[in-house]
Amino acid sequence: SQTIHQWPATLVQPVGSPLSLECTVEGTSNPNLYWYRQAAGRGLQLLFYSVGIGQISSEVPQNLSASRPQDRQFILSSKKLLLSDSGFYLCAWTSLGRSYGYTFGSGTRLTVV
Amino acid sequence: GEDVEQSLFLSVREGDSSVINCTYTDSSSTYLYWYKQEPGAGLQLLTYIFSNMDMKQDQRLTVLLNKKDKHLSLRIADTQTGDSAIYFCAETFSGGYNKLIFGAGTRLAVHP
């Protein structure tokens with residue numbers, strides 16, 4: 001069966017520090033991968049998606065970047081965090097033609113102080 | 001454009017039915033989804049409906065789709081305190097890449 005792992009679960013980082021959040025998927029190959037952010041009390045904002053290794057599409061210009069160094073690994077990064085980067089970050093995967101939408105990771109709560 | 005709208009809050013009494021509404025804009029969406037998010041957790045797929053269907057029932061959940069009005073609803077029968085959560089409506093983006101466009105979420109509060 002397919003599983004998705006996301007870590008860390010919580011993170012408190014000072015302004016200006018770097019960030020690296022990791023997401024891995026098991027039990028499938030060539031998944032579509034997504035990073036979403038959920039600000040406090042708000043909906044989901046799509047940040048990046050990837051349809052293959054090294055292929056990253058950015059939805060919103062911002063202080064963050066994403067990389068996909070391996071087929072089932074998706075990394076969200078920042079060189080210097082801003083206070084506005086605080087939020088709940090969710091990774092998700094699906095496959096082309098899969099009718100039942102996304103499967104989400106458990107999320108990372110990032111607080112920038 | 002891509003837009004999914006939901007009311008932000010719904011309060012119901014335990015045992016009553018809850019109806020969460022959603023409107024979407026992309027008439028070519030293939031599937032429409034309902035996700036549930038409990039506090040501090042990721043999103044869990046509740047149910048989905050194919051765009052050529054009008055209704056889908058799954059135990060206590062009933063999804064109604066009105067394609068003409070681009071309106072989707074989720075009815076939860078016999079609402080329990082464990083149903084308290086945020087419910088997200090989502091549509092597939094016709095531009096490809098399996099992108100899902102989510103609404104802002106409806107917070108359901110169930111009180112005794």
# chains A, B, ... in the order shown; residues from 1 in each chain; ligands from 1
>>> select_by_dssp(residues="stretch 9-100 of chain B", states="strand (DSSP E)", output="PyMOL selection string")
chain B and resi 9-13+18-24+31-37+43-50+55-58+61-66+71-76+85-92+100
>>> interface_residues(of="chain B", to="chain A", cutoff="10 Å", atoms="only C-alpha atoms", output="MDAnalysis selection string")
chainID B and resid 8 30:35 40:50 86 88 90:92 96:107
>>> atom_distance(atom1="atom CA of B:Thr81", atom2="atom CA of A:Thr111")
29.3 Å
>>> closest_residue(among="B:Ser84, B:Cys89, B:Asp3, B:Gly15", to="B:Ala109", atoms="only C-alpha atoms")
B:Ser84
>>> atom_distance(atom1="atom CA of A:Pro8", atom2="atom CA of A:Leu21")
6.9 Å
>>> atom_distance(atom1="atom CA of B:Gln6", atom2="atom CA of B:Asn52")
21.8 Å
